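Structure data follow from data.txt (compact mmCIF, N, CA, C and O atoms):
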# COMPACT_ATOMS: atom_id res chain seq x y z
N MET A 1 189.39 -58.01 65.14
CA MET A 1 190.30 -58.27 66.24
C MET A 1 189.86 -57.45 67.44
O MET A 1 189.44 -56.31 67.32
N LEU A 2 189.96 -58.06 68.60
CA LEU A 2 189.65 -57.41 69.85
C LEU A 2 190.89 -57.46 70.73
O LEU A 2 191.51 -58.52 70.85
N ILE A 3 191.27 -56.32 71.27
CA ILE A 3 192.43 -56.26 72.16
C ILE A 3 191.93 -55.81 73.53
O ILE A 3 191.34 -54.74 73.66
N ILE A 4 192.16 -56.64 74.52
CA ILE A 4 191.80 -56.31 75.90
C ILE A 4 193.08 -55.92 76.61
O ILE A 4 194.03 -56.69 76.67
N GLN A 5 193.08 -54.70 77.12
CA GLN A 5 194.27 -54.18 77.78
C GLN A 5 194.17 -54.41 79.28
O GLN A 5 193.31 -53.87 79.95
N LEU A 6 195.08 -55.25 79.78
CA LEU A 6 195.15 -55.54 81.19
C LEU A 6 196.25 -54.70 81.82
O LEU A 6 196.98 -53.99 81.12
N GLU A 7 196.40 -54.79 83.12
CA GLU A 7 197.39 -53.97 83.82
C GLU A 7 198.80 -54.19 83.32
O GLU A 7 199.57 -53.26 83.14
N ASP A 8 199.16 -55.45 83.05
CA ASP A 8 200.53 -55.75 82.68
C ASP A 8 200.71 -56.36 81.30
O ASP A 8 201.83 -56.72 80.93
N GLU A 9 199.63 -56.51 80.54
CA GLU A 9 199.74 -57.08 79.20
C GLU A 9 198.47 -56.82 78.39
O GLU A 9 197.44 -56.45 78.95
N ASP A 10 198.57 -57.00 77.10
CA ASP A 10 197.42 -56.94 76.21
C ASP A 10 197.10 -58.34 75.71
O ASP A 10 198.01 -59.11 75.41
N LYS A 11 195.82 -58.65 75.63
CA LYS A 11 195.37 -59.93 75.09
C LYS A 11 194.66 -59.64 73.77
O LYS A 11 193.74 -58.83 73.72
N GLU A 12 195.09 -60.31 72.70
CA GLU A 12 194.50 -60.12 71.38
C GLU A 12 193.67 -61.34 71.00
O GLU A 12 194.10 -62.48 71.20
N PHE A 13 192.50 -61.08 70.44
CA PHE A 13 191.59 -62.15 70.06
C PHE A 13 191.05 -61.91 68.65
O PHE A 13 190.53 -60.84 68.35
N ASP A 14 191.17 -62.93 67.81
CA ASP A 14 190.52 -62.94 66.50
C ASP A 14 189.30 -63.85 66.54
O ASP A 14 188.42 -63.77 65.70
N ASN A 15 189.27 -64.74 67.54
CA ASN A 15 188.22 -65.72 67.66
C ASN A 15 187.26 -65.32 68.77
O ASN A 15 187.67 -65.12 69.93
N PHE A 16 185.98 -65.20 68.43
CA PHE A 16 184.97 -64.75 69.39
C PHE A 16 184.89 -65.67 70.60
O PHE A 16 184.86 -65.21 71.74
N LYS A 17 184.85 -66.98 70.37
CA LYS A 17 184.72 -67.93 71.49
C LYS A 17 185.90 -67.85 72.44
O LYS A 17 185.74 -67.97 73.65
N SER A 18 187.09 -67.64 71.91
CA SER A 18 188.28 -67.49 72.76
C SER A 18 188.17 -66.24 73.62
O SER A 18 188.52 -66.25 74.81
N ALA A 19 187.70 -65.17 73.03
CA ALA A 19 187.53 -63.91 73.77
C ALA A 19 186.48 -64.08 74.88
O ALA A 19 186.68 -63.61 76.01
N ILE A 20 185.39 -64.76 74.57
CA ILE A 20 184.33 -65.00 75.55
C ILE A 20 184.88 -65.84 76.71
O ILE A 20 184.67 -65.50 77.88
N SER A 21 185.57 -66.91 76.40
CA SER A 21 186.14 -67.77 77.45
C SER A 21 187.10 -67.01 78.34
O SER A 21 187.07 -67.14 79.57
N PHE A 22 187.96 -66.20 77.72
CA PHE A 22 188.91 -65.40 78.49
C PHE A 22 188.17 -64.45 79.43
O PHE A 22 188.51 -64.35 80.62
N CYS A 23 187.16 -63.76 78.92
CA CYS A 23 186.42 -62.79 79.73
C CYS A 23 185.69 -63.47 80.89
O CYS A 23 185.65 -62.92 82.00
N GLU A 24 185.12 -64.65 80.64
CA GLU A 24 184.45 -65.37 81.72
C GLU A 24 185.45 -65.76 82.80
O GLU A 24 185.16 -65.62 83.99
N ASP A 25 186.62 -66.23 82.40
CA ASP A 25 187.65 -66.63 83.36
C ASP A 25 188.27 -65.44 84.08
O ASP A 25 188.47 -65.47 85.30
N GLU A 26 188.59 -64.39 83.33
CA GLU A 26 189.30 -63.23 83.88
C GLU A 26 188.39 -62.32 84.70
O GLU A 26 188.79 -61.81 85.76
N PHE A 27 187.18 -62.08 84.21
CA PHE A 27 186.30 -61.08 84.83
C PHE A 27 185.08 -61.68 85.53
O PHE A 27 184.37 -60.97 86.24
N GLY A 28 184.80 -62.96 85.29
CA GLY A 28 183.68 -63.61 85.94
C GLY A 28 182.31 -63.18 85.45
O GLY A 28 181.33 -63.26 86.20
N PHE A 29 182.22 -62.72 84.22
CA PHE A 29 180.94 -62.26 83.70
C PHE A 29 179.93 -63.40 83.66
O PHE A 29 180.25 -64.54 83.31
N GLU A 30 178.68 -63.06 83.99
CA GLU A 30 177.57 -63.99 83.91
C GLU A 30 176.28 -63.18 83.96
O GLU A 30 176.31 -61.97 84.15
N GLY A 31 175.16 -63.85 83.77
CA GLY A 31 173.87 -63.18 83.85
C GLY A 31 173.25 -62.96 82.48
O GLY A 31 173.83 -63.30 81.44
N GLN A 32 172.06 -62.38 82.50
CA GLN A 32 171.28 -62.22 81.27
C GLN A 32 171.98 -61.32 80.25
O GLN A 32 172.03 -61.66 79.06
N ALA A 33 172.51 -60.19 80.67
CA ALA A 33 173.19 -59.29 79.72
C ALA A 33 174.39 -59.98 79.08
O ALA A 33 174.62 -59.86 77.88
N TRP A 34 175.15 -60.71 79.89
CA TRP A 34 176.30 -61.44 79.37
C TRP A 34 175.86 -62.52 78.38
O TRP A 34 176.45 -62.69 77.32
N ASP A 35 174.80 -63.24 78.73
CA ASP A 35 174.27 -64.28 77.85
C ASP A 35 173.85 -63.71 76.50
O ASP A 35 174.06 -64.34 75.46
N GLU A 36 173.31 -62.51 76.51
CA GLU A 36 172.91 -61.86 75.26
C GLU A 36 174.13 -61.55 74.39
O GLU A 36 174.10 -61.72 73.18
N VAL A 37 175.21 -61.12 75.02
CA VAL A 37 176.46 -60.86 74.29
C VAL A 37 176.98 -62.17 73.70
O VAL A 37 177.34 -62.24 72.52
N VAL A 38 177.03 -63.21 74.52
CA VAL A 38 177.54 -64.51 74.07
C VAL A 38 176.71 -65.01 72.88
O VAL A 38 177.26 -65.47 71.88
N ASN A 39 175.40 -64.90 72.98
CA ASN A 39 174.52 -65.39 71.93
C ASN A 39 174.55 -64.52 70.67
O ASN A 39 174.16 -64.98 69.60
N SER A 40 175.03 -63.31 70.79
CA SER A 40 175.10 -62.41 69.63
C SER A 40 176.16 -62.85 68.62
O SER A 40 176.07 -62.53 67.44
N LEU A 41 177.20 -63.56 69.11
CA LEU A 41 178.35 -63.97 68.27
C LEU A 41 179.02 -62.78 67.59
O LEU A 41 179.61 -62.91 66.52
N SER A 42 178.97 -61.63 68.23
CA SER A 42 179.46 -60.38 67.64
C SER A 42 180.59 -59.77 68.46
O SER A 42 180.40 -59.45 69.64
N MET A 43 181.74 -59.58 67.82
CA MET A 43 182.86 -58.91 68.49
C MET A 43 182.48 -57.48 68.85
O MET A 43 182.91 -56.96 69.87
N SER A 44 181.67 -56.84 68.02
CA SER A 44 181.24 -55.47 68.30
C SER A 44 180.41 -55.42 69.59
O SER A 44 180.60 -54.54 70.43
N GLU A 45 179.48 -56.35 69.73
CA GLU A 45 178.66 -56.40 70.95
C GLU A 45 179.53 -56.66 72.17
O GLU A 45 179.33 -56.06 73.23
N LEU A 46 180.49 -57.54 72.02
CA LEU A 46 181.42 -57.83 73.12
C LEU A 46 182.21 -56.58 73.47
O LEU A 46 182.37 -56.24 74.64
N TYR A 47 182.69 -55.88 72.46
CA TYR A 47 183.44 -54.64 72.67
C TYR A 47 182.61 -53.64 73.49
O TYR A 47 183.09 -53.09 74.48
N TYR A 48 181.37 -53.40 73.08
CA TYR A 48 180.53 -52.42 73.77
C TYR A 48 180.23 -52.86 75.21
O TYR A 48 180.20 -52.03 76.12
N PHE A 49 180.01 -54.15 75.40
CA PHE A 49 179.77 -54.66 76.75
C PHE A 49 180.98 -54.40 77.64
O PHE A 49 180.85 -53.92 78.76
N LEU A 50 182.16 -54.76 77.15
CA LEU A 50 183.38 -54.57 77.94
C LEU A 50 183.64 -53.10 78.22
O LEU A 50 183.98 -52.72 79.34
N GLU A 51 183.47 -52.27 77.20
CA GLU A 51 183.69 -50.84 77.37
C GLU A 51 182.74 -50.26 78.42
O GLU A 51 183.15 -49.48 79.28
N ASP A 52 181.46 -50.66 78.36
CA ASP A 52 180.48 -50.19 79.35
C ASP A 52 180.83 -50.65 80.76
O ASP A 52 180.48 -49.99 81.73
N ASP A 53 181.51 -51.79 80.87
CA ASP A 53 181.91 -52.31 82.18
C ASP A 53 183.21 -51.71 82.68
O ASP A 53 183.66 -52.03 83.77
N GLY A 54 183.85 -50.86 81.87
CA GLY A 54 185.07 -50.20 82.30
C GLY A 54 186.34 -50.93 81.93
O GLY A 54 187.42 -50.56 82.40
N VAL A 55 186.24 -51.96 81.09
CA VAL A 55 187.42 -52.69 80.64
C VAL A 55 188.07 -51.90 79.51
O VAL A 55 187.39 -51.42 78.60
N TRP A 56 189.38 -51.76 79.55
CA TRP A 56 190.10 -51.10 78.46
C TRP A 56 190.17 -52.06 77.28
O TRP A 56 190.78 -53.13 77.38
N VAL A 57 189.54 -51.68 76.19
CA VAL A 57 189.41 -52.59 75.06
C VAL A 57 189.47 -51.81 73.75
O VAL A 57 189.05 -50.66 73.67
N ILE A 58 190.05 -52.43 72.74
CA ILE A 58 190.15 -51.86 71.39
C ILE A 58 189.54 -52.86 70.42
O ILE A 58 189.82 -54.05 70.50
N HIS A 59 188.70 -52.36 69.53
CA HIS A 59 188.09 -53.23 68.50
C HIS A 59 188.58 -52.78 67.14
O HIS A 59 188.43 -51.63 66.76
N LYS A 60 189.22 -53.70 66.44
CA LYS A 60 189.69 -53.43 65.07
C LYS A 60 188.94 -54.36 64.12
O LYS A 60 189.27 -55.54 64.03
N PRO A 61 187.91 -53.81 63.45
CA PRO A 61 187.11 -54.67 62.55
C PRO A 61 187.90 -55.23 61.39
O PRO A 61 188.92 -54.78 61.03
Go ahead and render the structure in this file as structure tokens.
Amino acid sequence: MLIIQLEDEDKEFDNFKSAISFCEDEFGFEGQAWDEVVNSLSMSELYYFLEDDGVWVIHKP
């Protein structure tokens, strides 16, 4: 499970594709580094990417 903490709410994701779609819509991520995360199919990789970008995020394996 991945929890993305926004200013006024938390978004919880169990599904990788849903989390990716949300992040693309909410944060506008794109580019080679983002494509690598998307292609990894890994919640852990997504977590580290978001954390490095300054997004408040919790990963519960």
note - atom O of Asp10 (chain A) and atom O of Trp56 (chain A) are separated by 9.6 Å
Among chain A, which ones does DSSP assign to strand (DSSP E) (computed from the backbone)? Answer as a ChimeraX atom specification. /A:2-5,10-13,56-59
Can you find the residues with an atom no farther than 7 Å from (193.8, -62.0, 78.9), counting only N, CA, C and O atoms, and report them as a list in words?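 Checking each residue against the 7 Å limit leaves Ile4, Leu6, Glu9, Asp10, Lys11, Glu12, Phe22, Cys23 and Glu26 of chain A.
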Could you check how far atom N of Asp8 (chain A) sits from atom C of Val38 (chain A), in Å to one decimal? 26.4 Å
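Picture a line from CA of His59 (chain A) to CA of Ser18 (chain A); it runs 14.9 Å.
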Near-Val57 (chain A) list (7 Å; only N, CA, C and O atoms; drop same-chain fewer than 4 positions) as a list in words: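 Surrounding residues, per the criterion: Leu2, Ile3, Ile4, Gln5, Tyr47, Leu50 and Glu51 of chain A.
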I need the residues in chain A that are helix (DSSP H, G or I) according to DSSP; give them as a PyMOL selection string. chain A and resi 16-27+32-40+43-52
Write the selection just made, keeping N, CA, C and O atoms, as a compact mmCIF listing (two decimals), keeping the file's coordinate frame?
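Written file, again18.txt:
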# COMPACT_ATOMS: atom_id res chain seq x y z
N PHE A 16 185.98 -65.20 68.43
CA PHE A 16 184.97 -64.75 69.39
C PHE A 16 184.89 -65.67 70.60
O PHE A 16 184.86 -65.21 71.74
N LYS A 17 184.85 -66.98 70.37
CA LYS A 17 184.72 -67.93 71.49
C LYS A 17 185.90 -67.85 72.44
O LYS A 17 185.74 -67.97 73.65
N SER A 18 187.09 -67.64 71.91
CA SER A 18 188.28 -67.49 72.76
C SER A 18 188.17 -66.24 73.62
O SER A 18 188.52 -66.25 74.81
N ALA A 19 187.70 -65.17 73.03
CA ALA A 19 187.53 -63.91 73.77
C ALA A 19 186.48 -64.08 74.88
O ALA A 19 186.68 -63.61 76.01
N ILE A 20 185.39 -64.76 74.57
CA ILE A 20 184.33 -65.00 75.55
C ILE A 20 184.88 -65.84 76.71
O ILE A 20 184.67 -65.50 77.88
N SER A 21 185.57 -66.91 76.40
CA SER A 21 186.14 -67.77 77.45
C SER A 21 187.10 -67.01 78.34
O SER A 21 187.07 -67.14 79.57
N PHE A 22 187.96 -66.20 77.72
CA PHE A 22 188.91 -65.40 78.49
C PHE A 22 188.17 -64.45 79.43
O PHE A 22 188.51 -64.35 80.62
N CYS A 23 187.16 -63.76 78.92
CA CYS A 23 186.42 -62.79 79.73
C CYS A 23 185.69 -63.47 80.89
O CYS A 23 185.65 -62.92 82.00
N GLU A 24 185.12 -64.65 80.64
CA GLU A 24 184.45 -65.37 81.72
C GLU A 24 185.45 -65.76 82.80
O GLU A 24 185.16 -65.62 83.99
N ASP A 25 186.62 -66.23 82.40
CA ASP A 25 187.65 -66.63 83.36
C ASP A 25 188.27 -65.44 84.08
O ASP A 25 188.47 -65.47 85.30
N GLU A 26 188.59 -64.39 83.33
CA GLU A 26 189.30 -63.23 83.88
C GLU A 26 188.39 -62.32 84.70
O GLU A 26 188.79 -61.81 85.76
N PHE A 27 187.18 -62.08 84.21
CA PHE A 27 186.30 -61.08 84.83
C PHE A 27 185.08 -61.68 85.53
O PHE A 27 184.37 -60.97 86.24
N GLN A 32 172.06 -62.38 82.50
CA GLN A 32 171.28 -62.22 81.27
C GLN A 32 171.98 -61.32 80.25
O GLN A 32 172.03 -61.66 79.06
N ALA A 33 172.51 -60.19 80.67
CA ALA A 33 173.19 -59.29 79.72
C ALA A 33 174.39 -59.98 79.08
O ALA A 33 174.62 -59.86 77.88
N TRP A 34 175.15 -60.71 79.89
CA TRP A 34 176.30 -61.44 79.37
C TRP A 34 175.86 -62.52 78.38
O TRP A 34 176.45 -62.69 77.32
N ASP A 35 174.80 -63.24 78.73
CA ASP A 35 174.27 -64.28 77.85
C ASP A 35 173.85 -63.71 76.50
O ASP A 35 174.06 -64.34 75.46
N GLU A 36 173.31 -62.51 76.51
CA GLU A 36 172.91 -61.86 75.26
C GLU A 36 174.13 -61.55 74.39
O GLU A 36 174.10 -61.72 73.18
N VAL A 37 175.21 -61.12 75.02
CA VAL A 37 176.46 -60.86 74.29
C VAL A 37 176.98 -62.17 73.70
O VAL A 37 177.34 -62.24 72.52
N VAL A 38 177.03 -63.21 74.52
CA VAL A 38 177.54 -64.51 74.07
C VAL A 38 176.71 -65.01 72.88
O VAL A 38 177.26 -65.47 71.88
N ASN A 39 175.40 -64.90 72.98
CA ASN A 39 174.52 -65.39 71.93
C ASN A 39 174.55 -64.52 70.67
O ASN A 39 174.16 -64.98 69.60
N SER A 40 175.03 -63.31 70.79
CA SER A 40 175.10 -62.41 69.63
C SER A 40 176.16 -62.85 68.62
O SER A 40 176.07 -62.53 67.44
N MET A 43 181.74 -59.58 67.82
CA MET A 43 182.86 -58.91 68.49
C MET A 43 182.48 -57.48 68.85
O MET A 43 182.91 -56.96 69.87
N SER A 44 181.67 -56.84 68.02
CA SER A 44 181.24 -55.47 68.30
C SER A 44 180.41 -55.42 69.59
O SER A 44 180.60 -54.54 70.43
N GLU A 45 179.48 -56.35 69.73
CA GLU A 45 178.66 -56.40 70.95
C GLU A 45 179.53 -56.66 72.17
O GLU A 45 179.33 -56.06 73.23
N LEU A 46 180.49 -57.54 72.02
CA LEU A 46 181.42 -57.83 73.12
C LEU A 46 182.21 -56.58 73.47
O LEU A 46 182.37 -56.24 74.64
N TYR A 47 182.69 -55.88 72.46
CA TYR A 47 183.44 -54.64 72.67
C TYR A 47 182.61 -53.64 73.49
O TYR A 47 183.09 -53.09 74.48
N TYR A 48 181.37 -53.40 73.08
CA TYR A 48 180.53 -52.42 73.77
C TYR A 48 180.23 -52.86 75.21
O TYR A 48 180.20 -52.03 76.12
N PHE A 49 180.01 -54.15 75.40
CA PHE A 49 179.77 -54.66 76.75
C PHE A 49 180.98 -54.40 77.64
O PHE A 49 180.85 -53.92 78.76
N LEU A 50 182.16 -54.76 77.15
CA LEU A 50 183.38 -54.57 77.94
C LEU A 50 183.64 -53.10 78.22
O LEU A 50 183.98 -52.72 79.34
N GLU A 51 183.47 -52.27 77.20
CA GLU A 51 183.69 -50.84 77.37
C GLU A 51 182.74 -50.26 78.42
O GLU A 51 183.15 -49.48 79.28
N ASP A 52 181.46 -50.66 78.36
CA ASP A 52 180.48 -50.19 79.35
C ASP A 52 180.83 -50.65 80.76
O ASP A 52 180.48 -49.99 81.73
Calculated over only C-alpha atoms, which of the candidates A:Pro61, A:Glu7, A:Phe49, A:Phe13 has the smallest distance to Val37 (chain A)? A:Phe49
Take the point (183.6, -60.5, 74.3) as written in the file and pick out every residue within 5 Å of it, counting all atoms listed in the file; give the list as a list in words. Ala19, Ile20 and Leu46 of chain A
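Comparing A:Phe29, A:Asp53, A:Trp34, A:Ser42 by their smallest distance to Phe16 (chain A), the closest is A:Ser42 (using all atoms listed in the file).
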Between A:Lys60, A:Lys17, A:Glu45, A:Met1, which is the closest to Ala33 (chain A) once you count all atoms listed in the file?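 The closest residue to Ala33 (chain A) is A:Glu45.
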Taking every listed atom of region 25-43 of chain A and adding 8 Å to each side, what centre and edge lengths in Å (one decimal) does the axis-aligned box have, as AutoDock Vina command-line options?
--center_x 180.3 --center_y -61.8 --center_z 76.4 --size_x 34.0 --size_y 25.7 --size_z 35.7
